[in-house]
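The block underneath contains the structure these notes are about, expressed in structure tokens.
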Amino acid sequence: MPLFLPHFNIQKFNTLAVPAVANYFVAVQSDEELQEALAFAKTEKLPLLILGGGSNIVLRADFPGLVIHIKTRGLDVVAENDEFVWLKVAAGENWHQLVEYSLDNGYYGLENLSLIPGSVGAAPIQNIGAYGVELKDVFAELSALNIQSGLMVTFTKESCQFGYRDSIFKQSLKDQYVITTVTLKLSKMPRLNLQYPALRAALADIPGAEVSPEQVSAAVVTIRQSKLPDPQQIPNVGSFFKNPIISVAQFEALKLQYPQLVSYPVDELHVKLAAGWLIDHAGWRGKEINGVRVHPDQALVLTNPGKLEGKLILQLADRVVASVREQFGVVLEMEPRVYPE
Ligand code: FAD
Ligand code: EPU
């Protein structure tokens, strides 16, 4: 039976370093321990927070329930052919360590996703993405435990309904499953994705044919370290808002007024805007309110240097949203999830 710790401070378990107390905390190292933790929550009628690295949550207040910290381990090649390996990874493994493991073993496809904090089990939740690659590009399937029935279910790529920072686990199946393993389809041959302009620019000195996946990974790490604060030094959750997707008509009107607006094509009817640019040009970059800050190197990142309460971060977020809406008519949506809801 895993150890249930009552009245447990989870400040060290969220990268915003918000001090918040959970009624109960339990770390689980196997599917059996997970089942036992879920049974305890059912008996005690406790709300659940399934926790990986805590790098995409905001604790608004104390959590009146059971926090289940997923600490399962394991990486197995479950199938391979001349071209690909299928690597099955336990949810509790660290994402960046997985990227390093894959490179060390000559399994390619994760290099653009280097240095994203957090656990493997959380990666499908918002279909993590960076530098032109998303989890869905390397995803084969996942196993997840149904919280109500206790049954283990396999989800294919199609059934996960991945989108930009989105999946079925944030929509119709929200709070219904605990992801236990993720299987990735990785290539034995390097297949580089250098479409992201900043990444291409960082590798411009190396002749195209000679660029290696290790160099792509190193370049991604360097770019990220130049603008994203290390949560160990300055508590944060990465991008606080999603890049908003608007209609082409709204985009064209805005572009007339703000010719420098940064945007990315989505489809014939939609355009994605850089939320960091909007927040920056609404005057927020580097601003601090009640000890909580808009990061000076990347306005899309809110930081909590004083390790203060979550409600102060949410108050700053509200002000940023109101001001971007007023100036640009664009509504920003938060990326991290708020607990308790
Ligand atoms: P947590 O914060 O622990 O949980 C996030 C959500 O997933 C919660 O709702 C939780 O209940 C749920 N969850 C976690 N594990 C499971 C599970 N096993 N089963 C079911 N539900 C689960 N994200 C990007 O996409 N791209 C980036 O480039 C990026 N850069 C970042 C940079 C920094 C500095 C930081 C701090 C964050 C960044 N993020 C980025 C966000 C974050 O790293 C990802 O969302 C990551 O996948 C979160 O993992 P986690 O284990 O910390 O999740
Ligand atoms: N910009 C500004 N001012 C700022 C910040 C950004 O003008 O203060 C401009 C930049 O100059 C650039 C554009 O906005 O032209 C985009 O900035 P950046 O390249 O830093 O990327 P982003 O759109 O802000 C997204 C993801 C990141 C991901 C990077 C790289 C979202 C919400 N964020 O950031 O993901 O790492 O692209 O692919 O999609 C995360 O989700 O937590 C995260 C960090």
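Chain labels run A, B, ... following the order of the structure tokens; each chain numbers its residues from 1, and ligands are numbered from 1 in the order shown.
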
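Backbone DSSP over range 114-231 of chain A gives strand (DSSP E) for Gly129, Ala130, Val133, Glu134, Phe139, Ala140, Glu141, Leu142, Ser143, Ala144, Leu145, Asn146, Met152, Val153, Thr154, Phe155, Thr156, Tyr177, Val178, Ile179, Thr180, Thr181, Val182, Thr183, Leu184, Lys185, Leu186 and Ser187 of chain A.
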
Go through the chains and note each residue within 7 Å of ligand 1, using only C-alpha atoms and all ligand atoms, then give the set as a short mmCIF file (atom, residue, chain, number, x, y, z; two decimals) with all heavy atoms, in the first residue's frame.
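pocket_34.cif written:
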```cif
data_model
loop_
_atom_site.label_atom_id
_atom_site.label_comp_id
_atom_site.auth_asym_id
_atom_site.auth_seq_id
_atom_site.Cartn_x
_atom_site.Cartn_y
_atom_site.Cartn_z
N ASN A 14 5.15 21.96 -7.70
CA ASN A 14 4.63 22.76 -8.82
C ASN A 14 5.68 23.79 -9.18
O ASN A 14 6.27 24.42 -8.29
CB ASN A 14 3.26 23.37 -8.48
CG ASN A 14 3.32 24.50 -7.48
OD1 ASN A 14 3.31 25.67 -7.87
ND2 ASN A 14 3.40 24.19 -6.19
N THR A 15 5.95 23.96 -10.48
CA THR A 15 7.09 24.78 -10.89
C THR A 15 6.84 26.28 -10.73
O THR A 15 7.75 27.08 -10.93
CB THR A 15 7.53 24.47 -12.35
OG1 THR A 15 6.47 24.85 -13.24
CG2 THR A 15 7.88 23.01 -12.55
N LEU A 49 -6.18 15.14 -8.05
CA LEU A 49 -5.26 15.88 -8.92
C LEU A 49 -4.16 14.90 -9.30
O LEU A 49 -3.39 14.46 -8.44
CB LEU A 49 -4.67 17.09 -8.18
CG LEU A 49 -3.99 18.21 -8.98
CD1 LEU A 49 -3.47 19.30 -8.04
CD2 LEU A 49 -2.89 17.77 -9.90
N ILE A 50 -4.13 14.53 -10.59
CA ILE A 50 -3.09 13.64 -11.08
C ILE A 50 -1.89 14.53 -11.41
O ILE A 50 -2.00 15.43 -12.26
CB ILE A 50 -3.56 12.87 -12.34
CG1 ILE A 50 -4.91 12.18 -12.10
CG2 ILE A 50 -2.48 11.87 -12.79
CD1 ILE A 50 -4.93 11.19 -10.96
N LEU A 51 -0.77 14.28 -10.75
CA LEU A 51 0.36 15.19 -10.85
C LEU A 51 1.59 14.52 -11.45
O LEU A 51 2.02 13.46 -11.02
CB LEU A 51 0.70 15.70 -9.44
CG LEU A 51 1.76 16.78 -9.33
CD1 LEU A 51 1.27 18.09 -9.93
CD2 LEU A 51 2.15 16.99 -7.88
N GLY A 52 2.16 15.19 -12.48
CA GLY A 52 3.45 14.76 -13.01
C GLY A 52 4.51 15.68 -12.43
O GLY A 52 4.75 15.69 -11.23
N GLY A 53 5.09 16.52 -13.29
CA GLY A 53 6.12 17.46 -12.83
C GLY A 53 5.56 18.77 -12.30
O GLY A 53 6.33 19.64 -11.88
N GLY A 54 4.25 18.96 -12.38
CA GLY A 54 3.66 20.21 -11.88
C GLY A 54 4.08 21.43 -12.67
O GLY A 54 4.06 22.54 -12.14
N SER A 55 4.45 21.24 -13.95
CA SER A 55 4.95 22.38 -14.75
C SER A 55 3.87 23.00 -15.62
O SER A 55 4.17 23.88 -16.43
CB SER A 55 6.14 21.95 -15.60
OG SER A 55 5.76 20.99 -16.56
N ASN A 56 2.62 22.53 -15.47
CA ASN A 56 1.55 23.17 -16.25
C ASN A 56 0.26 23.29 -15.43
O ASN A 56 -0.84 23.13 -15.95
CB ASN A 56 1.30 22.42 -17.55
CG ASN A 56 1.04 23.37 -18.71
OD1 ASN A 56 1.36 24.56 -18.64
ND2 ASN A 56 0.43 22.88 -19.77
N ILE A 57 0.43 23.59 -14.13
CA ILE A 57 -0.73 23.82 -13.27
C ILE A 57 -0.54 25.12 -12.48
O ILE A 57 0.60 25.54 -12.22
CB ILE A 57 -0.97 22.65 -12.28
CG1 ILE A 57 0.26 22.43 -11.37
CG2 ILE A 57 -1.31 21.37 -13.00
CD1 ILE A 57 -0.04 21.51 -10.19
N ILE A 70 2.58 10.77 -10.03
CA ILE A 70 2.90 9.59 -10.84
C ILE A 70 4.42 9.43 -10.92
O ILE A 70 5.12 10.28 -11.48
CB ILE A 70 2.31 9.73 -12.27
CG1 ILE A 70 0.81 10.07 -12.22
CG2 ILE A 70 2.59 8.48 -13.09
CD1 ILE A 70 -0.08 8.97 -11.68
N ALA A 91 4.55 6.58 -17.62
CA ALA A 91 4.08 7.96 -17.47
C ALA A 91 4.95 8.79 -16.55
O ALA A 91 5.09 10.00 -16.72
CB ALA A 91 2.64 7.96 -16.94
N ILE A 116 11.66 20.33 -22.68
CA ILE A 116 10.32 20.65 -22.17
C ILE A 116 10.21 19.98 -20.80
O ILE A 116 10.44 18.78 -20.68
CB ILE A 116 9.22 20.15 -23.13
CG1 ILE A 116 9.34 20.86 -24.49
CG2 ILE A 116 7.82 20.38 -22.53
CD1 ILE A 116 8.30 20.43 -25.52
N PRO A 117 9.89 20.75 -19.76
CA PRO A 117 9.81 20.15 -18.43
C PRO A 117 8.63 19.17 -18.32
O PRO A 117 7.72 19.19 -19.15
CB PRO A 117 9.56 21.35 -17.50
CG PRO A 117 9.87 22.57 -18.29
CD PRO A 117 9.61 22.20 -19.73
N GLY A 118 8.67 18.38 -17.27
CA GLY A 118 7.50 17.56 -16.96
C GLY A 118 7.66 16.10 -17.30
O GLY A 118 8.73 15.62 -17.67
N SER A 119 6.54 15.38 -17.17
CA SER A 119 6.55 13.93 -17.27
C SER A 119 6.07 13.46 -18.64
O SER A 119 5.42 14.20 -19.37
CB SER A 119 5.62 13.37 -16.20
OG SER A 119 4.30 13.82 -16.45
N VAL A 120 6.37 12.21 -18.95
CA VAL A 120 5.92 11.60 -20.21
C VAL A 120 4.39 11.47 -20.21
O VAL A 120 3.72 11.72 -21.21
CB VAL A 120 6.61 10.24 -20.39
CG1 VAL A 120 5.98 9.43 -21.52
CG2 VAL A 120 8.11 10.46 -20.65
N GLY A 121 3.81 11.12 -19.06
CA GLY A 121 2.36 10.91 -18.99
C GLY A 121 1.55 12.17 -19.24
O GLY A 121 0.39 12.09 -19.69
N ALA A 122 2.15 13.34 -18.97
CA ALA A 122 1.42 14.59 -19.22
C ALA A 122 1.54 15.04 -20.67
O ALA A 122 0.74 15.86 -21.12
CB ALA A 122 1.95 15.69 -18.31
N ALA A 123 2.52 14.51 -21.39
CA ALA A 123 2.79 15.02 -22.76
C ALA A 123 1.57 14.94 -23.69
O ALA A 123 1.32 15.87 -24.45
CB ALA A 123 4.00 14.31 -23.35
N ILE A 125 -1.55 15.12 -22.83
CA ILE A 125 -2.68 15.91 -22.34
C ILE A 125 -2.86 17.16 -23.20
O ILE A 125 -3.93 17.43 -23.72
CB ILE A 125 -2.50 16.30 -20.84
CG1 ILE A 125 -2.39 15.05 -19.97
CG2 ILE A 125 -3.64 17.22 -20.37
CD1 ILE A 125 -3.66 14.27 -19.75
N GLN A 126 -1.76 17.92 -23.38
CA GLN A 126 -1.89 19.10 -24.25
C GLN A 126 -1.12 18.93 -25.55
O GLN A 126 -0.87 19.89 -26.26
CB GLN A 126 -1.48 20.37 -23.52
CG GLN A 126 0.01 20.54 -23.26
CD GLN A 126 0.38 21.99 -22.97
OE1 GLN A 126 -0.48 22.86 -22.88
NE2 GLN A 126 1.67 22.27 -22.85
N ASN A 127 -0.74 17.67 -25.88
CA ASN A 127 -0.02 17.45 -27.14
C ASN A 127 1.15 18.42 -27.21
O ASN A 127 1.18 19.33 -28.05
CB ASN A 127 -0.99 17.63 -28.32
CG ASN A 127 -0.31 17.49 -29.67
OD1 ASN A 127 0.66 16.75 -29.82
ND2 ASN A 127 -0.82 18.22 -30.67
N ILE A 128 2.12 18.24 -26.29
CA ILE A 128 3.22 19.21 -26.18
C ILE A 128 3.86 19.48 -27.53
O ILE A 128 3.94 18.59 -28.40
CB ILE A 128 4.31 18.76 -25.17
CG1 ILE A 128 4.88 17.38 -25.53
CG2 ILE A 128 3.79 18.79 -23.74
CD1 ILE A 128 6.14 17.03 -24.73
N GLY A 129 4.32 20.70 -27.70
CA GLY A 129 4.91 21.07 -28.98
C GLY A 129 5.96 22.14 -28.83
O GLY A 129 5.92 22.93 -27.88
N ALA A 130 6.91 22.14 -29.75
CA ALA A 130 7.92 23.20 -29.78
C ALA A 130 8.74 23.07 -31.06
O ALA A 130 8.98 21.97 -31.55
CB ALA A 130 8.86 23.12 -28.58
N ARG A 165 -2.06 22.31 -28.55
CA ARG A 165 -2.16 22.34 -27.08
C ARG A 165 -3.49 21.72 -26.61
O ARG A 165 -4.12 22.20 -25.67
CB ARG A 165 -2.04 23.77 -26.53
CG ARG A 165 -0.72 24.45 -26.80
CD ARG A 165 0.41 23.78 -26.02
NE ARG A 165 1.67 24.53 -26.16
CZ ARG A 165 2.54 24.37 -27.14
NH1 ARG A 165 2.31 23.48 -28.10
NH2 ARG A 165 3.66 25.05 -27.17
N TYR A 177 -9.38 9.76 -17.07
CA TYR A 177 -8.33 8.74 -17.23
C TYR A 177 -7.02 9.18 -16.60
O TYR A 177 -6.69 10.37 -16.59
CB TYR A 177 -8.06 8.49 -18.73
CG TYR A 177 -9.13 7.66 -19.37
CD1 TYR A 177 -10.24 8.26 -19.95
CD2 TYR A 177 -9.03 6.27 -19.38
CE1 TYR A 177 -11.25 7.50 -20.54
CE2 TYR A 177 -10.02 5.51 -19.96
CZ TYR A 177 -11.12 6.11 -20.54
OH TYR A 177 -12.09 5.35 -21.10
N VAL A 178 -6.25 8.19 -16.12
CA VAL A 178 -4.85 8.43 -15.76
C VAL A 178 -4.00 7.73 -16.83
O VAL A 178 -4.14 6.52 -17.02
CB VAL A 178 -4.50 7.85 -14.38
CG1 VAL A 178 -3.05 8.16 -14.03
CG2 VAL A 178 -5.44 8.39 -13.31
N ILE A 179 -3.18 8.49 -17.50
CA ILE A 179 -2.30 7.91 -18.53
C ILE A 179 -1.18 7.15 -17.82
O ILE A 179 -0.54 7.68 -16.89
CB ILE A 179 -1.76 9.03 -19.45
CG1 ILE A 179 -2.92 9.64 -20.24
CG2 ILE A 179 -0.67 8.49 -20.39
CD1 ILE A 179 -2.59 10.88 -21.03
N THR A 180 -0.97 5.89 -18.22
CA THR A 180 0.03 5.07 -17.52
C THR A 180 1.27 4.80 -18.38
O THR A 180 2.37 4.70 -17.85
CB THR A 180 -0.58 3.73 -17.06
OG1 THR A 180 -1.13 3.08 -18.21
CG2 THR A 180 -1.66 3.94 -16.02
N LEU A 228 13.48 31.40 -22.06
CA LEU A 228 12.59 30.83 -21.05
C LEU A 228 13.32 30.70 -19.72
O LEU A 228 14.40 30.11 -19.67
CB LEU A 228 12.07 29.47 -21.50
CG LEU A 228 11.15 29.47 -22.71
CD1 LEU A 228 10.94 28.05 -23.22
CD2 LEU A 228 9.83 30.14 -22.39
N PRO A 229 12.78 31.25 -18.64
CA PRO A 229 13.46 31.13 -17.35
C PRO A 229 13.45 29.69 -16.84
O PRO A 229 12.46 28.97 -17.03
CB PRO A 229 12.64 32.03 -16.43
CG PRO A 229 11.30 32.17 -17.09
CD PRO A 229 11.50 31.97 -18.56
N ASP A 230 14.54 29.26 -16.21
CA ASP A 230 14.62 27.94 -15.60
C ASP A 230 13.75 27.96 -14.33
O ASP A 230 14.00 28.75 -13.42
CB ASP A 230 16.08 27.66 -15.24
CG ASP A 230 16.26 26.35 -14.46
OD1 ASP A 230 15.24 25.70 -14.13
OD2 ASP A 230 17.41 26.01 -14.18
N PRO A 231 12.73 27.11 -14.28
CA PRO A 231 11.81 27.15 -13.12
C PRO A 231 12.52 26.96 -11.77
O PRO A 231 12.04 27.43 -10.75
CB PRO A 231 10.84 25.99 -13.37
CG PRO A 231 10.99 25.64 -14.81
CD PRO A 231 12.35 26.07 -15.24
N ASN A 236 7.99 29.34 -12.84
CA ASN A 236 7.10 29.66 -13.96
C ASN A 236 6.52 28.38 -14.53
O ASN A 236 6.94 27.29 -14.15
CB ASN A 236 7.87 30.45 -15.03
CG ASN A 236 8.80 29.58 -15.86
OD1 ASN A 236 8.41 29.04 -16.88
ND2 ASN A 236 10.04 29.39 -15.40
N VAL A 237 5.55 28.53 -15.44
CA VAL A 237 4.97 27.35 -16.12
C VAL A 237 5.12 27.45 -17.64
O VAL A 237 4.30 26.93 -18.39
CB VAL A 237 3.47 27.14 -15.77
CG1 VAL A 237 3.30 26.46 -14.42
CG2 VAL A 237 2.68 28.42 -15.83
N GLY A 238 6.18 28.12 -18.11
CA GLY A 238 6.33 28.29 -19.56
C GLY A 238 5.29 29.27 -20.06
O GLY A 238 4.89 30.20 -19.33
N SER A 239 4.80 29.08 -21.27
CA SER A 239 3.78 29.98 -21.82
C SER A 239 2.55 29.96 -20.92
O SER A 239 2.00 28.89 -20.65
CB SER A 239 3.35 29.54 -23.22
OG SER A 239 4.45 29.53 -24.10
N ARG A 337 -3.53 24.49 -16.34
CA ARG A 337 -4.83 24.26 -15.72
C ARG A 337 -4.82 24.73 -14.27
O ARG A 337 -3.82 24.57 -13.57
CB ARG A 337 -5.14 22.76 -15.80
CG ARG A 337 -6.48 22.46 -15.26
CD ARG A 337 -7.10 21.23 -15.85
NE ARG A 337 -8.22 20.87 -15.02
CZ ARG A 337 -8.66 19.65 -14.87
NH1 ARG A 337 -8.09 18.64 -15.51
NH2 ARG A 337 -9.69 19.41 -14.09
#
```

>> At a cut-off of 8 Å around ligand 2, and using only C-alpha atoms and all ligand atoms, what residues come up? Please write them as number ranges by chain.
In response: A: 56, 116, 128-133, 164-165, 196, 198, 224, 227-228, 237-243, 262-263, 273-281, 285, 295-301, 335

Pull C-alpha atoms from the residues just selected and write them as an mmCIF file, in the first residue's frame.
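Result file is out13.cif:
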```cif
data_model
loop_
_atom_site.group_PDB
_atom_site.id
_atom_site.type_symbol
_atom_site.label_atom_id
_atom_site.label_comp_id
_atom_site.auth_asym_id
_atom_site.auth_seq_id
_atom_site.Cartn_x
_atom_site.Cartn_y
_atom_site.Cartn_z
ATOM 1 C CA ASN A 56 1.549 23.170 -16.246
ATOM 2 C CA ILE A 116 10.323 20.652 -22.173
ATOM 3 C CA ILE A 128 3.220 19.210 -26.181
ATOM 4 C CA GLY A 129 4.906 21.074 -28.981
ATOM 5 C CA ALA A 130 7.919 23.198 -29.783
ATOM 6 C CA TYR A 131 10.049 24.288 -32.727
ATOM 7 C CA GLY A 132 7.813 22.838 -35.428
ATOM 8 C CA VAL A 133 7.118 19.407 -33.854
ATOM 9 C CA TYR A 164 -2.789 22.640 -30.869
ATOM 10 C CA ARG A 165 -2.162 22.337 -27.077
ATOM 11 C CA TYR A 196 11.029 26.728 -37.531
ATOM 12 C CA ALA A 198 14.709 30.509 -35.283
ATOM 13 C CA ARG A 224 15.032 27.883 -25.017
ATOM 14 C CA LYS A 227 14.328 33.247 -23.405
ATOM 15 C CA LEU A 228 12.586 30.834 -21.045
ATOM 16 C CA VAL A 237 4.965 27.350 -16.116
ATOM 17 C CA GLY A 238 6.334 28.291 -19.559
ATOM 18 C CA SER A 239 3.782 29.982 -21.822
ATOM 19 C CA PHE A 240 0.956 31.167 -19.608
ATOM 20 C CA PHE A 241 -1.463 31.612 -22.528
ATOM 21 C CA LYS A 242 -2.028 29.758 -25.776
ATOM 22 C CA ASN A 243 -1.296 31.535 -29.028
ATOM 23 C CA VAL A 262 3.625 38.223 -35.602
ATOM 24 C CA SER A 263 1.421 35.464 -37.030
ATOM 25 C CA LEU A 273 -1.076 35.117 -33.467
ATOM 26 C CA ALA A 274 1.986 35.230 -31.210
ATOM 27 C CA ALA A 275 0.431 35.945 -27.807
ATOM 28 C CA GLY A 276 3.879 37.044 -26.547
ATOM 29 C CA TRP A 277 3.934 39.798 -29.169
ATOM 30 C CA LEU A 278 0.438 41.002 -28.178
ATOM 31 C CA ILE A 279 1.278 41.079 -24.448
ATOM 32 C CA ASP A 280 4.603 42.763 -25.152
ATOM 33 C CA HIS A 281 2.959 45.422 -27.369
ATOM 34 C CA ARG A 285 6.908 42.944 -20.791
ATOM 35 C CA HIS A 295 9.090 37.905 -17.871
ATOM 36 C CA PRO A 296 11.353 40.552 -19.434
ATOM 37 C CA ASP A 297 12.758 38.166 -22.099
ATOM 38 C CA GLN A 298 9.409 36.566 -23.104
ATOM 39 C CA ALA A 299 6.162 38.336 -22.253
ATOM 40 C CA LEU A 300 4.150 35.114 -22.636
ATOM 41 C CA VAL A 301 5.759 33.791 -19.444
ATOM 42 C CA GLU A 335 -2.524 27.190 -21.142
#
```

> If you run DSSP on the backbone, which residues of range 17-65 of chain A are helix (DSSP H, G or I), as JSON, numbers by chain?
Replying inline: {"A": [31, 32, 33, 34, 35, 36, 37, 38, 39, 40, 41, 42, 43, 44]}

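Interatomic distance, CA of Arg293 in chain A against CA of Leu254 in chain A: 27.1 Å.
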
>> Residues within 8 Å of Val89 in chain A, please, as a PyMOL selection string. Count only C-alpha atoms; anything in the same chain fewer than 5 positions from it doesn't count.
In response: chain A and resi 73-76+120+181-184
